[in-house]
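Undergrad: What follows is a single structure, and I will ask about it in a moment.
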There are 2 protein chains.
Amino acid sequence: MSPEAVENDYRLQGQIGFVLRKANQRHLAIFSSHIVDLTPPQFAALAKLRDVGETSQNQLGGLIAMDAATVKGVIDRLAARGLVQLAKHEVDKRRLMVRLTGEGRQMIDQLVPVARTITEETLSPLSAKDAATLVALLSKIS
Amino acid sequence: MSPEAVENDYRLQGQIGFVLRKANQRHLAIFSSHIVDLTPPQFAALAKLRDVGETSQNQLGGLIAMDAATVKGVIDRLAARGLVQLAKHEVDKRRLMVRLTGEGRQMIDQLVPVARTITEETLSPLSAKDAATLVALLSKIS
DNA sequence: CAAAACTCATTCGCATGCAAATGATAGCTC
DNA sequence: GAGCTATCATTTGCATGCGAATGAGTTTTG
């Protein structure tokens, strides 16, 4: 095969990066149709806080795979809405501790079942077995 | 199982939305380490223009799954760098036609092989068979 | 043909997402 | 204990990404 033939064989639509982006797009659309009040990152933050209780902002970022700059924005917006509460760590004055408020707790408890629906709908084109395979393979390349 | 037990069973890390986001993150990191000059959306735009020749901005957006507002920003930045060329359609005055410049053509030709490497590296934790399965399953939920 | 409906592009506002630089604090090490 | 290093948070700058509103131009339809 000539070099040009090799090059011409490149199909954008089959590249992993492209399909990842498209799959993400569809998931976001489904998410938004079920949950209007929160974005996926905001939901992830609340869900994780519900699991772990109080943590520092950066630590939370680590748990939900967000860098410091990104998590700050997310947390600030949640705090502005009264869903999380912020407080300086008493000993280590660098750390900004985050915890759910009662309102935040109530909202996330309410939304977790909805999140299940979102996951189901996103994976609905696949059999249960294929869905499990997909999540497993994605985890491996994460 | 009590309702609370059901709720407590929710694991963020296993949700399709979360793994999609993380996989995307890793892919972006790999992409950036190989291609510094372009972002993935910019690359997609150039690669698609190389395939189809001249198209309108919106049409291009449709081909690479970008909405009108997003594609405009991407194209404007490519145009500012002289990688694409813009011109009003002579008949239909609404349309803004986009095409590669010589420079853009040269850049994308050069980068397509690199993109292959990026795809490979992203999928390197998987066997060839699993990689193909992953892309196929992702396509189904896109 | 004139009005309605549609398409294309643009703009605005908001929310990620990340790199890089900065300041404050903590911990380590000699 | 002073200095070096590491960590935490913040800020800035840039690039997606999408919803919604707007304006210009085109097509359809009554």
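Identifiers in the structure tokens: chain A, B, ... in order shown; residue index from 1 per chain; ligand index from 1 in order shown.
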Give me, as a tab-separated table, each residue of chain D that comes within 9 Å of chain B, together with its shortest interatomic pair and the distance in Å at one decimal, counting only C-alpha atoms (C1' of nucleotides), with rows ordered by chain and rising residue number.
TA:
```
residue	atom	partner	partner_atom	distance
D:DA15	C1'	B:Thr39	CA	8.2
D:DT16	C1'	B:Thr70	CA	7.1
D:DG17	C1'	B:Thr70	CA	6.2
D:DC18	C1'	B:Asp67	CA	7.6
D:DA24	C1'	B:Arg94	CA	7.1
D:DG25	C1'	B:Arg94	CA	5.7
D:DT26	C1'	B:Asp92	CA	7.7
```
Undergrad: For the residues in that selection, give me all heavy atoms as a short mmCIF file (atom, residue, chain, number, x, y, z; two decimals), in the first residue's frame.
TA:
```cif
data_model
loop_
_atom_site.label_atom_id
_atom_site.label_comp_id
_atom_site.auth_asym_id
_atom_site.auth_seq_id
_atom_site.Cartn_x
_atom_site.Cartn_y
_atom_site.Cartn_z
P DA D 15 -7.50 29.50 22.24
OP1 DA D 15 -6.44 29.15 21.28
OP2 DA D 15 -8.36 30.67 22.02
"O5'" DA D 15 -8.43 28.23 22.45
"C5'" DA D 15 -7.86 27.01 22.85
"C4'" DA D 15 -8.97 26.02 23.14
"O4'" DA D 15 -9.55 26.32 24.43
"C3'" DA D 15 -10.11 26.05 22.13
"O3'" DA D 15 -10.42 24.74 21.74
"C2'" DA D 15 -11.26 26.70 22.90
"C1'" DA D 15 -10.96 26.25 24.32
N9 DA D 15 -11.54 27.11 25.35
C8 DA D 15 -11.48 28.47 25.43
N7 DA D 15 -12.11 28.96 26.47
C5 DA D 15 -12.61 27.85 27.12
C6 DA D 15 -13.38 27.70 28.29
N6 DA D 15 -13.79 28.71 29.04
N1 DA D 15 -13.71 26.44 28.66
C2 DA D 15 -13.30 25.42 27.90
N3 DA D 15 -12.57 25.44 26.78
C4 DA D 15 -12.26 26.70 26.45
P DT D 16 -11.32 24.40 20.47
OP1 DT D 16 -11.22 22.97 20.24
OP2 DT D 16 -11.02 25.36 19.43
"O5'" DT D 16 -12.79 24.74 20.99
"C5'" DT D 16 -13.81 23.79 20.89
"C4'" DT D 16 -13.80 22.87 22.11
"O4'" DT D 16 -13.68 23.64 23.32
"C3'" DT D 16 -15.09 22.10 22.21
"O3'" DT D 16 -14.82 20.82 22.79
"C2'" DT D 16 -15.93 22.99 23.13
"C1'" DT D 16 -14.87 23.53 24.09
N1 DT D 16 -15.21 24.84 24.67
C2 DT D 16 -15.88 24.89 25.87
O2 DT D 16 -16.21 23.90 26.49
N3 DT D 16 -16.13 26.16 26.34
C4 DT D 16 -15.80 27.35 25.75
O4 DT D 16 -16.08 28.43 26.26
C5 DT D 16 -15.11 27.23 24.47
C7 DT D 16 -14.70 28.47 23.74
C6 DT D 16 -14.86 26.00 24.00
P DG D 17 -15.89 19.64 22.39
OP1 DG D 17 -15.57 18.45 23.20
OP2 DG D 17 -15.94 19.53 20.92
"O5'" DG D 17 -17.29 20.25 22.86
"C5'" DG D 17 -17.86 19.82 24.08
"C4'" DG D 17 -19.13 20.60 24.37
"O4'" DG D 17 -18.82 21.95 24.72
"C3'" DG D 17 -20.12 20.70 23.21
"O3'" DG D 17 -21.19 19.83 23.50
"C2'" DG D 17 -20.53 22.17 23.20
"C1'" DG D 17 -19.99 22.69 24.53
N9 DG D 17 -19.63 24.11 24.59
C8 DG D 17 -18.78 24.78 23.75
N7 DG D 17 -18.65 26.04 24.06
C5 DG D 17 -19.46 26.22 25.16
C6 DG D 17 -19.72 27.37 25.93
O6 DG D 17 -19.28 28.51 25.78
N1 DG D 17 -20.61 27.11 26.96
C2 DG D 17 -21.17 25.88 27.23
N2 DG D 17 -22.00 25.82 28.27
N3 DG D 17 -20.92 24.79 26.52
C4 DG D 17 -20.07 25.03 25.51
P DC D 18 -22.40 19.64 22.53
OP1 DC D 18 -22.84 18.23 22.68
OP2 DC D 18 -22.05 20.17 21.21
"O5'" DC D 18 -23.54 20.56 23.16
"C5'" DC D 18 -23.97 20.31 24.49
"C4'" DC D 18 -24.83 21.46 24.95
"O4'" DC D 18 -24.03 22.65 25.06
"C3'" DC D 18 -25.97 21.80 23.99
"O3'" DC D 18 -27.18 21.80 24.71
"C2'" DC D 18 -25.62 23.20 23.48
"C1'" DC D 18 -24.79 23.75 24.63
N1 DC D 18 -23.88 24.85 24.23
C2 DC D 18 -23.92 26.07 24.93
O2 DC D 18 -24.71 26.19 25.86
N3 DC D 18 -23.10 27.08 24.56
C4 DC D 18 -22.26 26.90 23.53
N4 DC D 18 -21.46 27.92 23.21
C5 DC D 18 -22.21 25.66 22.81
C6 DC D 18 -23.03 24.68 23.18
P DA D 24 -30.66 41.98 9.84
OP1 DA D 24 -29.78 43.15 9.73
OP2 DA D 24 -32.14 42.16 9.85
"O5'" DA D 24 -30.31 40.97 8.66
"C5'" DA D 24 -29.00 40.41 8.62
"C4'" DA D 24 -29.00 39.26 7.66
"O4'" DA D 24 -29.66 38.13 8.29
"C3'" DA D 24 -29.74 39.54 6.35
"O3'" DA D 24 -28.89 39.20 5.27
"C2'" DA D 24 -30.97 38.65 6.43
"C1'" DA D 24 -30.51 37.51 7.34
N9 DA D 24 -31.57 36.84 8.08
C8 DA D 24 -32.53 37.42 8.85
N7 DA D 24 -33.36 36.56 9.40
C5 DA D 24 -32.89 35.33 8.97
C6 DA D 24 -33.31 34.02 9.22
N6 DA D 24 -34.37 33.70 9.98
N1 DA D 24 -32.62 33.01 8.63
C2 DA D 24 -31.57 33.32 7.87
N3 DA D 24 -31.06 34.52 7.56
C4 DA D 24 -31.77 35.49 8.16
P DG D 25 -29.33 39.47 3.76
OP1 DG D 25 -28.12 39.84 3.01
OP2 DG D 25 -30.52 40.35 3.78
"O5'" DG D 25 -29.79 38.03 3.28
"C5'" DG D 25 -28.84 36.97 3.32
"C4'" DG D 25 -29.56 35.67 3.08
"O4'" DG D 25 -30.52 35.45 4.15
"C3'" DG D 25 -30.36 35.61 1.77
"O3'" DG D 25 -29.95 34.45 1.07
"C2'" DG D 25 -31.82 35.52 2.23
"C1'" DG D 25 -31.68 34.88 3.59
N9 DG D 25 -32.77 35.11 4.52
C8 DG D 25 -33.22 36.31 5.01
N7 DG D 25 -34.22 36.19 5.84
C5 DG D 25 -34.45 34.82 5.90
C6 DG D 25 -35.41 34.08 6.64
O6 DG D 25 -36.27 34.51 7.41
N1 DG D 25 -35.29 32.71 6.41
C2 DG D 25 -34.36 32.14 5.57
N2 DG D 25 -34.38 30.81 5.46
N3 DG D 25 -33.45 32.81 4.88
C4 DG D 25 -33.56 34.14 5.09
P DT D 26 -30.46 34.13 -0.38
OP1 DT D 26 -29.30 33.62 -1.15
OP2 DT D 26 -31.24 35.28 -0.88
"O5'" DT D 26 -31.45 32.91 -0.13
"C5'" DT D 26 -31.05 31.89 0.77
"C4'" DT D 26 -32.10 30.79 0.84
"O4'" DT D 26 -33.10 31.12 1.84
"C3'" DT D 26 -32.86 30.48 -0.43
"O3'" DT D 26 -32.93 29.07 -0.56
"C2'" DT D 26 -34.23 31.11 -0.20
"C1'" DT D 26 -34.39 30.93 1.30
N1 DT D 26 -35.25 31.90 2.01
C2 DT D 26 -36.23 31.41 2.86
O2 DT D 26 -36.44 30.23 3.04
N3 DT D 26 -36.97 32.38 3.49
C4 DT D 26 -36.84 33.76 3.36
O4 DT D 26 -37.55 34.53 3.98
C5 DT D 26 -35.79 34.19 2.46
C7 DT D 26 -35.57 35.65 2.24
C6 DT D 26 -35.06 33.25 1.83
#
```
Undergrad: Would you mind listing, for every residue of chain C within 12 Å of chain A, the two atoms forming the shortest contact and the distance between them in Å to one decimal, using only C-alpha atoms (C1' of nucleotides), sorted by chain and ascending residue number, as a tab-separated table?
TA:
```
residue	atom	partner	partner_atom	distance
C:DC14	C1'	A:Arg77	CA	11.2
C:DA15	C1'	A:Thr39	CA	8.2
C:DT16	C1'	A:Thr70	CA	7.0
C:DG17	C1'	A:Thr70	CA	6.3
C:DC18	C1'	A:Asp67	CA	7.7
C:DA19	C1'	A:Ala69	CA	10.1
C:DA20	C1'	A:Ala69	CA	11.3
C:DG23	C1'	A:Arg94	CA	10.9
C:DA24	C1'	A:Arg94	CA	7.0
C:DT25	C1'	A:Arg94	CA	5.6
C:DA26	C1'	A:Asp92	CA	7.5
C:DG27	C1'	A:Asp92	CA	11.4
```
Undergrad: Could you please select, counting only C-alpha atoms, the residues of chain B within 7 Å of chain A and state them as a PyMOL selection string?
TA: chain B and resi 7+15-17+19-20+22-24+26-27+112+119+122-123+125+134-135+137-142
Undergrad: Which residue, D:DG19, D:DC14, D:DG3, D:DT27, has the smallest gap to DT7 (chain C) when you use only C-alpha atoms (C1' of nucleotides)?
TA: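 Using only C-alpha atoms (C1' of nucleotides), the shortest distance to DT7 (chain C) belongs to D:DT27.
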Undergrad: I want to know what sits within 12 Å of DT28 (chain D), based on only C-alpha atoms (C1' of nucleotides), with residues of the same chain fewer than 3 positions away left out; could you give that as a PyMOL selection string?
TA: chain C and resi 2-6
Undergrad: Could you give me, as a PyMOL selection string, each residue of region 65-106 of chain B that DSSP assigns to helix (DSSP H, G or I) when run on this structure's backbone?
TA: chain B and resi 68-80+102-106
Undergrad: Grab the CA of Leu60 (chain A) to CA of Gln42 (chain A) distance for me, in Å with one decimal place.
TA: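 Here the two named atoms are 11.8 Å from each other.
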Undergrad: According to DSSP computed on the backbone, where in chain B is there strand (DSSP E or B)? Give the residues as JSON, numbers by chain.
TA: {"B": [55, 56, 84, 85, 86, 87, 88, 96, 97, 98, 99, 100]}
Undergrad: Just to be explicit: take each residue in the selection above, keep N, CA and C atoms, and write the result as a JSON list (two decimals), in the first residue's frame.
TA:
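Resulting contents of out_25.json:
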```json
[["chain", "number", "residue", "atom", "x", "y", "z"],
["B", 55, "THR", "N", -17.23, 22.58, 2.44],
["B", 55, "THR", "CA", -18.60, 22.50, 2.96],
["B", 55, "THR", "C", -18.94, 23.78, 3.68],
["B", 56, "SER", "N", -20.22, 23.88, 4.04],
["B", 56, "SER", "CA", -20.62, 25.02, 4.85],
["B", 56, "SER", "C", -20.27, 24.72, 6.30],
["B", 84, "VAL", "N", -7.67, 27.14, 7.60],
["B", 84, "VAL", "CA", -8.84, 27.04, 6.74],
["B", 84, "VAL", "C", -9.15, 28.41, 6.17],
["B", 85, "GLN", "N", -9.95, 28.37, 5.11],
["B", 85, "GLN", "CA", -10.28, 29.59, 4.39],
["B", 85, "GLN", "C", -11.79, 29.71, 4.33],
["B", 86, "LEU", "N", -12.33, 30.89, 4.56],
["B", 86, "LEU", "CA", -13.77, 31.09, 4.60],
["B", 86, "LEU", "C", -14.23, 31.94, 3.43],
["B", 87, "ALA", "N", -15.42, 31.61, 2.92],
["B", 87, "ALA", "CA", -15.98, 32.42, 1.83],
["B", 87, "ALA", "C", -17.49, 32.25, 1.79],
["B", 88, "LYS", "N", -18.18, 33.36, 1.53],
["B", 88, "LYS", "CA", -19.64, 33.31, 1.39],
["B", 88, "LYS", "C", -20.00, 32.47, 0.17],
["B", 96, "LEU", "N", -21.72, 29.89, 4.89],
["B", 96, "LEU", "CA", -20.31, 30.25, 4.97],
["B", 96, "LEU", "C", -19.49, 29.01, 4.62],
["B", 97, "MET", "N", -18.86, 29.04, 3.48],
["B", 97, "MET", "CA", -18.13, 27.86, 3.01],
["B", 97, "MET", "C", -16.73, 27.80, 3.64],
["B", 98, "VAL", "N", -16.33, 26.60, 3.97],
["B", 98, "VAL", "CA", -15.04, 26.39, 4.62],
["B", 98, "VAL", "C", -14.23, 25.41, 3.79],
["B", 99, "ARG", "N", -12.94, 25.68, 3.63],
["B", 99, "ARG", "CA", -12.06, 24.73, 2.97],
["B", 99, "ARG", "C", -10.66, 24.82, 3.57],
["B", 100, "LEU", "N", -9.90, 23.75, 3.40],
["B", 100, "LEU", "CA", -8.51, 23.76, 3.86],
["B", 100, "LEU", "C", -7.68, 24.72, 3.03]]
```
Undergrad: Quick check, in Å to one decimal: how far apart do CA of Leu38 (chain B) and CA of Gly62 (chain A) lie?
TA: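 Distance between the two atoms: 27.3 Å.
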Undergrad: Just how far from CA of Leu49 (chain B) is CA of Ala80 (chain B), in Å to one decimal?
TA: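 Computing it gives 16.5 Å between the two atoms.
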